[in-house]
Amino acid sequence: MEYLQFLIIIIFAPLINGIIKKLKANMQGRTGPGLLQSYYDLIRLFKKEMVVSSVTSWVFKATPYIVFTSSVVATMIVPVITTNVVFSNMADIIALVYILGLGRFFMAIAGLDAGTAFGGEGSSREMTVAVLVEPMMMLSLFAVAISAGSTNLTKIAGSGSTFYTPSHILALSAFMISMIAETGRIPVDNPDTHLELTMIHEGMLLEYSGRYLALMEWAHYIKQMLLFTIAIDIFFPIGLDGYTDVVGFLISTGSYFIKVLFMAFLMALVESTRAKMRFFQLPSLLGGAFVLAMLSLLSYIMIGK
Amino acid sequence: MNYDIILYVGTVFFLSASILSLSKRLNSLIYLFSIAGSIFFAIYGAYLLFAGALLLPVFHLSSVVDFSFGGDALSGFFVLVIAVLSISVFIYSIGYTASMKNKGLMGLFLNLFILSMYGVILSQNIVTFLILWETMSVLSYFLVTFERDERSAKAGLVYAVMTHIGTAFIILLFMLLYHFSGSMSFSSIKALCRNMPRDLKNLVFIFSIIGFGTKAGIIPFHTWLPRAHPAAPSNISSLMSGVMIKTGIYGLVRVGMDMLGDGPEWWGITVLVIGAISSVLGVMYALMEHDLKRLLAYHSVENIGIILLGIGASMLFKTFGLYNLASVALIAGLYHVLNHAVFKGLLFLGAGSVLHSIHTKDMEKMGGLIKLMPYTGLFFLIGSVSICALPPFNGFVSEWLTYQSLLLGFRIPSITAKIVAPLGGSALALTGALAAACFVKAFGISFLGMPRSRDAEDARESSLPMILGMGILACLCLLLGIFPNNVLEIISPAAFLITGSYVLPSHSGFIFVGDSGLSPGFILSTMIIMTIGTILFIYIIGGKKAIRYGDSWDCGIPSLNPRMQYSATAFTKPIRMIFKRIYLPRREIFVSYIIKPFFVKSIKYRGEITPFFERYLYDPTVDFIHRIAGKIRLLQSGSLHLYLGYILVTLLVLLIFWT
């Protein structure tokens with residue numbers, strides 16, 4: 001079972017996205033699409049014919065595969081329902097951030113490949129957001145890693161004794177903000193927009209259609225659920241154990257899904273109650289988060305917890 | 001077997017290649033000789049690494065001056081780095097110099113330059129080191145000014161001045177060491193200088209930071225890099241950026257860590273802070289460059305910073321006696337030395353290949369090159385991914401090790417180190433993100449999209465030797481990434497020499513620091529398997545579908561032209577705005593109207609960033625020197641009467657005071 005736990009993320013990622021959409025719609029007084037709509041969309045896209053710009057090169061065609069497989073590899077090293085990950089040696093948070101970085105790099109260059117202004121605009125903004133988010137995310141992970149004595153995710157999740165300290169709460173707040181930015185949600189990016197001038201993530205995907213688009217979207221859902229999982233592993237690892245029997249398995253699976261649903265609810269809440277920020281106001285939000293991450297580290301150094 | 005002979009054979013190959021260069025016809029033969037020379041040096045380097053220290057017989061010139069060569073594991077490692085890059089560059093040069101006007105001269109300088117670099121690394125006493133160091137600087141000056149236009153002459157001047165300021169400090173530090181130890185030879189200096197007085201040690205350390213740092217290109221002594229590297233022919237920029245600046249790192253490790261032994265805490269902190277500043281500012285300035293080679297030159301500043309983060313952490317650990325951790329951190333730094341030589345060498349060769357084909361370094365005039373120059377494009381992409389430290393390529397492994405060693409900084413029992421080390425890690429994260437943005441721009445604008453100029457439309461792929469030279473380096477980028485264990489075997493003797501400890505465990509494709517392991521090979525193989533799986537999955541669900549080609553999305557107005565693409569300036573605009581306190585950008589917009597304010601005839605935009613260090617550090621210094629020089633000119637007006645007056649006054653003063 002531990003060999004296949006990454007499949008949970010890959011299979012349920014579109015569902016989680018559907019749940020967020022549904023929750024958001026309900027909060028805004030709409031009915032919203034069905035929970036399984038994301039699956040229908042993906043299947044429809046997989047069956048559709050593709051239209052590719054004749055300006056593009058092989059980079060454009062290789063990118064969906066690189067983006068998709070890099071997020072799949074990232075899920076393989078993360079403990080989902082048990083810390084007995086097959087690749088537990090590799091479950092390194094720094095490596096994880098860089099594996100996701102590989103996907104982002106290729107998505108951004110693919111945005112430039114069609115030679116349109118919208119694609120370039122999307123990649124330029126995506127990379128700018130990454131510049132602001134990545135140091136902050138790393139710093140908040142450092143604070144956690146230092147207190148756990150390792151950057152290995154299974155070790156961090158396993159050392160559940162020192163949680164809910166000032167440093168962890170500060171790190172969690174910073175990580176949540178970076179998670180919102182990384183998943184392209186309000187107030188950083190608007191996932192529902194189709195107005196070319198405000199798009200970030202969508203802008204880079206503008207030229208994609210058919211199965212390539214399906215892969216890119218799916219990869220995005222996976223990345224979203226993966227970040228939820230990392231947050232859960234680091235900050236709420238209760239119930240996550242190296243289980244041995246069926247009851248343990250049921251408990252850890254159940255608690256995992258409750259926690260993911262909670263994260264989804266949180267995302268929907270933030271999206272429904274906040275307005276999208278102007279792009280050049282982002283530094284104040286993300287800079288603030290950087291200060292939180294820094295405080296988290298300092299408080300660990302100063303008071304030792 | 002007598003290993004001296006390998007060194008002599010290598011040297012003879014280089015010298016004969018230099019002599020052959022004088023006849024202009026034997027272009028390929030010359031470089032074959034040079035390749036053979038480098039192979040011999042590589043064997044010698046490998047011997048030094050694995051068999052331990054070796055000293056050649058000393059060549060006496062006179063009672064004061066003698067030459068002595070030899071080396072230990074550290075020299076062996078650097079010799080290998082030079083050999084790896086120089087072999088690829090020699091192959092590349094066969095094609096690159098074929099159509100060059102002064103190719104004889106190029107061959108001569110190039111061979112002697114490489115030989116002098118080997119010499120610097122293998123020098124075993126002060127005089128030998130200084131003479132070869134100066135030879136290396138002068139030869140590289142000749143190569144920077146090789147194209148003999150006004151720009152390269154200016155760049156050469158800045159380079160010559162900066163490098164000699166550095167050399168002055170290096171001479172000073174060796175004078176101090178000689179003064180204390182009374183010996184010219186490195187081995188006896190090392191034996192004696194461990195118990196030097198503290199203040200003297202500190203002084204030597206500061207001089208070595210300034211002296212070797214100038215060569216390495218740390219901020220604020222980096223100003224020569226973005227001038228000299230673009231001015232030089234591309235095979236030379238590749239060597240200068242890939243290996244020459246690493247001689248500065250070699251000097252710093254040799255003097256600061258090997259000869260002086262363990263220093264106080266502030267040494268390590270200083271190196272860490274310099275590393276953090278150089279890496280962040282280096283990549284920030286790189287981001288604003290639209291000249292492909294200047295961009296790469298600024299990235300050298302960045303990568304030297306990353307190397308120094310590892311070395312600084314290592315110094316810190318040594319101070320507190322944590323030799324195991326010191327070894328991990330030094331391995332991280334040296335691994336990045338090797339990686340940077342490979343990927344930066346590759347990127348400069350790629351830029352050279354583009355320059356060779358379309359005769360411009362301006363990215364705003366490129367675009368769509370990947371279709372016309374497929375190999376160069378692929379190799380440049382591999383170099384870009386490596387320099388952004390993305391898995392599974394080589395840059396990732398060394399940056400990961402650097403992260404790990406900075407996080408281990410938390411085990412140091414000192415509050416300053418505990419705060420500085422993780423902040424260094426976050427500087428590294430910022431650097432990584434900025435580097436990714438920069439290479440999305442560099443690769444995306446230059447190689448993708450539509451050609452932005454006539455020259456770019458007519459681009460042609462480079463000749464076979466050039467492709468081969470780049471291809472070797474591109475393969476190395478991947479191999480050094482997915483086989484980290486084998487690389488560690490090469491680096492660990494060098495780290496062991498300095499720290500006396502080696503603990504980084506590695507087995508079956510994994511390297512470990514504590515509980516955290518890494519295996520880029522695993523990432524690569526899983527990605528390949530998953531790609532195959534994904535393709536199968538898609539065919540099962542969607543079946544085989546043909547791709548229809550059409551125009552890019554143009555909002556329904558079919559008039560998309562290359563000028564409407566995102567430009568490099570536009571790409572970096574958000575970052576320029578967000579970090580405006582650092583860039584201090586200025587822009588001017590000129591609008592001319594047919595009828596004001598509705599009918600615009602033309603809009604001109606001009607924007608630039610303020611080069612902070614040039615404007616506020618170097619310009620005032622140069623002005624000051626000019627002013628002083630102006631004052632001194634009053635004394636030396638050229639009037640014979642005035643000079644006679646000086647003689648008279650001097651004579652009188654002497655007559656009055658002498659008795």
# chains A, B, ... in the order shown; residues from 1 in each chain; ligands from 1

call {"tool": "residues_around", "arguments": {"residues": "Phe12 in chain A", "least_positions_apart": "3", "cutoff": "12 Å", "atoms": "only C-alpha atoms", "output": "VMD selection string"}}
result
chain A and resid 5 to 9 15 to 19 35 to 36 38 to 39 218 221 to 226 257 260 to 261

call {"tool": "write_last_selection", "arguments": {"atoms": "N, CA and C atoms", "output": "short mmCIF file (atom, residue, chain, number, x, y, z; two decimals), in the first residue's frame"}}
result
data_model
loop_
_atom_site.label_atom_id
_atom_site.label_comp_id
_atom_site.auth_asym_id
_atom_site.auth_seq_id
_atom_site.Cartn_x
_atom_site.Cartn_y
_atom_site.Cartn_z
N GLN A 5 0.73 5.00 -2.29
CA GLN A 5 0.02 6.10 -1.67
C GLN A 5 0.06 7.38 -2.50
N PHE A 6 1.07 7.50 -3.38
CA PHE A 6 1.10 8.72 -4.20
C PHE A 6 -0.08 8.77 -5.16
N LEU A 7 -0.63 7.57 -5.49
CA LEU A 7 -1.77 7.56 -6.41
C LEU A 7 -2.99 8.27 -5.82
N ILE A 8 -3.06 8.29 -4.48
CA ILE A 8 -4.18 9.00 -3.85
C ILE A 8 -4.21 10.44 -4.33
N ILE A 9 -3.01 11.08 -4.30
CA ILE A 9 -2.98 12.48 -4.72
C ILE A 9 -3.32 12.60 -6.19
N LEU A 15 -10.72 15.97 -7.87
CA LEU A 15 -11.88 16.02 -6.99
C LEU A 15 -11.75 17.17 -6.00
N ILE A 16 -10.55 17.29 -5.41
CA ILE A 16 -10.34 18.36 -4.43
C ILE A 16 -10.58 19.71 -5.09
N ASN A 17 -10.10 19.84 -6.35
CA ASN A 17 -10.34 21.10 -7.04
C ASN A 17 -11.84 21.32 -7.24
N GLY A 18 -12.56 20.23 -7.56
CA GLY A 18 -14.02 20.33 -7.71
C GLY A 18 -14.68 20.76 -6.42
N ILE A 19 -14.17 20.21 -5.32
CA ILE A 19 -14.75 20.55 -4.01
C ILE A 19 -14.54 22.03 -3.70
N LEU A 35 -19.31 18.04 -8.39
CA LEU A 35 -18.01 17.75 -7.79
C LEU A 35 -17.07 17.06 -8.78
N LEU A 36 -17.65 16.32 -9.70
CA LEU A 36 -16.80 15.55 -10.61
C LEU A 36 -16.49 16.31 -11.90
N SER A 38 -14.34 18.44 -12.78
CA SER A 38 -12.94 18.49 -13.21
C SER A 38 -12.54 17.22 -13.96
N TYR A 39 -13.08 16.07 -13.51
CA TYR A 39 -12.77 14.82 -14.22
C TYR A 39 -13.35 14.85 -15.64
N TRP A 218 -4.15 19.02 -15.03
CA TRP A 218 -4.06 17.93 -14.05
C TRP A 218 -2.83 18.13 -13.15
N TYR A 221 -3.64 20.61 -10.60
CA TYR A 221 -4.44 20.07 -9.48
C TYR A 221 -3.56 19.25 -8.54
N ILE A 222 -2.66 18.44 -9.15
CA ILE A 222 -1.78 17.61 -8.33
C ILE A 222 -0.90 18.47 -7.44
N LYS A 223 -0.38 19.54 -8.03
CA LYS A 223 0.51 20.42 -7.27
C LYS A 223 -0.25 21.03 -6.09
N GLN A 224 -1.51 21.40 -6.35
CA GLN A 224 -2.32 21.98 -5.30
C GLN A 224 -2.52 21.01 -4.15
N MET A 225 -2.92 19.78 -4.48
CA MET A 225 -3.17 18.81 -3.42
C MET A 225 -1.85 18.42 -2.73
N LEU A 226 -0.77 18.41 -3.52
CA LEU A 226 0.54 18.09 -2.95
C LEU A 226 0.92 19.12 -1.90
N PHE A 257 -8.06 12.62 4.84
CA PHE A 257 -9.08 13.26 4.00
C PHE A 257 -9.79 14.38 4.74
N VAL A 260 -7.47 17.32 4.46
CA VAL A 260 -7.44 17.90 3.12
C VAL A 260 -8.72 18.69 2.87
N LEU A 261 -9.85 18.14 3.33
CA LEU A 261 -11.11 18.86 3.14
C LEU A 261 -11.08 20.19 3.90
#

call {"tool": "interface_residues", "arguments": {"of": "chain B", "to": "chain A", "cutoff": "6 Å", "atoms": "only C-alpha atoms", "output": "list in words"}}
result
Leu390, Ser426, Ala429, Leu430, Ala433, Leu434, Ala437, Val440, Gly444, Leu448, Gly449, Met450, Ser516, Gly517, Leu518, Met527, Met530, Gly542, Ile547, Arg548, Tyr549, Gly550, Asp551, Ser552, Gln565, Tyr566 and Phe571 of chain B

call {"tool": "residues_around", "arguments": {"residues": "range 229-239 of chain A", "least_positions_apart": "5", "cutoff": "7 Å", "atoms": "only C-alpha atoms", "output": "compact mmCIF listing (two decimals) with N, CA and C atoms, in the first residue's frame"}}
result
# COMPACT_ATOMS: atom_id res chain seq x y z
N VAL A 80 1.80 10.45 2.49
CA VAL A 80 0.40 10.87 2.38
C VAL A 80 -0.40 10.32 3.55
N ILE A 156 10.38 14.95 9.68
CA ILE A 156 9.66 16.11 10.22
C ILE A 156 8.27 15.69 10.67
N ALA A 157 7.59 14.91 9.80
CA ALA A 157 6.24 14.48 10.15
C ALA A 157 6.28 13.53 11.35
N GLY A 160 6.49 14.51 15.81
CA GLY A 160 5.30 15.30 16.11
C GLY A 160 5.25 15.89 17.50
N LEU A 172 3.76 28.29 9.89
CA LEU A 172 2.54 27.85 9.21
C LEU A 172 1.86 29.00 8.48
N ILE A 251 -7.73 4.81 10.10
CA ILE A 251 -7.60 6.06 10.85
C ILE A 251 -6.77 7.07 10.07
N SER A 252 -5.61 6.61 9.57
CA SER A 252 -4.74 7.58 8.91
C SER A 252 -5.37 8.08 7.61
N SER A 255 -8.25 10.47 8.62
CA SER A 255 -7.80 11.77 9.13
C SER A 255 -7.16 12.58 8.00

call {"tool": "residues_around", "arguments": {"residues": "range 178-193 of chain A", "least_positions_apart": "2", "cutoff": "6 Å", "atoms": "only C-alpha atoms", "output": "list in words"}}
result
Val133, Met137, Phe175, Met176, Leu195, Gln224, Glu271, Ala275, Lys276 and Met277 of chain A

call {"tool": "write_last_selection", "arguments": {"atoms": "N, CA and C atoms", "output": "PDB file, in the first residue's frame"}}
result
ATOM      1  N   VAL A 133       7.964  34.337  -3.653  1.00  0.00           N
ATOM      2  CA  VAL A 133       7.444  33.257  -2.805  1.00  0.00           C
ATOM      3  C   VAL A 133       8.540  32.305  -2.344  1.00  0.00           C
ATOM      4  N   MET A 137       9.007  30.677   1.323  1.00  0.00           N
ATOM      5  CA  MET A 137       8.605  29.294   1.537  1.00  0.00           C
ATOM      6  C   MET A 137       9.777  28.493   2.112  1.00  0.00           C
ATOM      7  N   PHE A 175       3.741  29.704   5.433  1.00  0.00           N
ATOM      8  CA  PHE A 175       3.591  28.633   4.446  1.00  0.00           C
ATOM      9  C   PHE A 175       2.228  28.694   3.778  1.00  0.00           C
ATOM     10  N   MET A 176       1.189  29.044   4.554  1.00  0.00           N
ATOM     11  CA  MET A 176      -0.155  29.148   3.976  1.00  0.00           C
ATOM     12  C   MET A 176      -0.190  30.210   2.886  1.00  0.00           C
ATOM     13  N   LEU A 195      -9.681  36.773 -18.657  1.00  0.00           N
ATOM     14  CA  LEU A 195      -9.309  38.062 -19.213  1.00  0.00           C
ATOM     15  C   LEU A 195      -7.790  38.059 -19.366  1.00  0.00           C
ATOM     16  N   GLN A 224      -1.506  21.397  -6.349  1.00  0.00           N
ATOM     17  CA  GLN A 224      -2.322  21.982  -5.298  1.00  0.00           C
ATOM     18  C   GLN A 224      -2.519  21.010  -4.151  1.00  0.00           C
ATOM     19  N   GLU A 271     -10.720  32.597  -0.879  1.00  0.00           N
ATOM     20  CA  GLU A 271     -11.063  33.063  -2.223  1.00  0.00           C
ATOM     21  C   GLU A 271     -12.375  33.834  -2.226  1.00  0.00           C
ATOM     22  N   ALA A 275     -10.485  40.009  -2.198  1.00  0.00           N
ATOM     23  CA  ALA A 275     -10.463  40.437  -3.603  1.00  0.00           C
ATOM     24  C   ALA A 275      -9.068  40.203  -4.132  1.00  0.00           C
ATOM     25  N   LYS A 276      -8.943  40.038  -5.455  1.00  0.00           N
ATOM     26  CA  LYS A 276      -7.615  39.872  -6.026  1.00  0.00           C
ATOM     27  C   LYS A 276      -6.832  41.158  -5.854  1.00  0.00           C
ATOM     28  N   MET A 277      -5.570  41.020  -5.471  1.00  0.00           N
ATOM     29  CA  MET A 277      -4.731  42.207  -5.280  1.00  0.00           C
ATOM     30  C   MET A 277      -4.175  42.669  -6.611  1.00  0.00           C
TER      31      MET A 277
END

call {"tool": "residues_around", "arguments": {"residues": "Ala474 in chain B", "least_positions_apart": "2", "cutoff": "9 Å", "atoms": "only C-alpha atoms", "output": "PyMOL selection string"}}
result
chain B and resi 342-343+346+378-380+382-383+469-472+476-479

call {"tool": "select_by_dssp", "arguments": {"residues": "range 5-84 of chain A", "states": "strand (DSSP E or B)", "output": "MDAnalysis selection string"}}
result
chainID A and resid 50:53

call {"tool": "select_by_dssp", "arguments": {"residues": "range 258-386 of chain B", "states": "alpha helix (DSSP H)", "output": "VMD selection string"}}
result
chain B and resid 265 to 287 292 to 319 323 to 358 369 to 372 374 to 386

call {"tool": "decode", "arguments": {"residues": "range 520-532 of chain B", "atoms": "C-alpha atoms", "output": "compact mmCIF listing (two decimals), in the first residue's frame"}}
result
# COMPACT_ATOMS: atom_id res chain seq x y z
CA PRO B 520 18.87 12.88 -9.07
CA GLY B 521 19.22 9.65 -10.98
CA PHE B 522 16.05 8.42 -9.33
CA ILE B 523 14.22 11.61 -10.29
CA LEU B 524 15.36 11.26 -13.90
CA SER B 525 14.52 7.59 -14.25
CA THR B 526 11.11 8.03 -12.61
CA MET B 527 10.34 10.94 -14.89
CA ILE B 528 11.25 8.90 -17.95
CA ILE B 529 9.13 5.93 -16.83
CA MET B 530 6.25 8.25 -15.96
CA THR B 531 6.46 9.96 -19.34
CA ILE B 532 6.12 6.61 -21.07
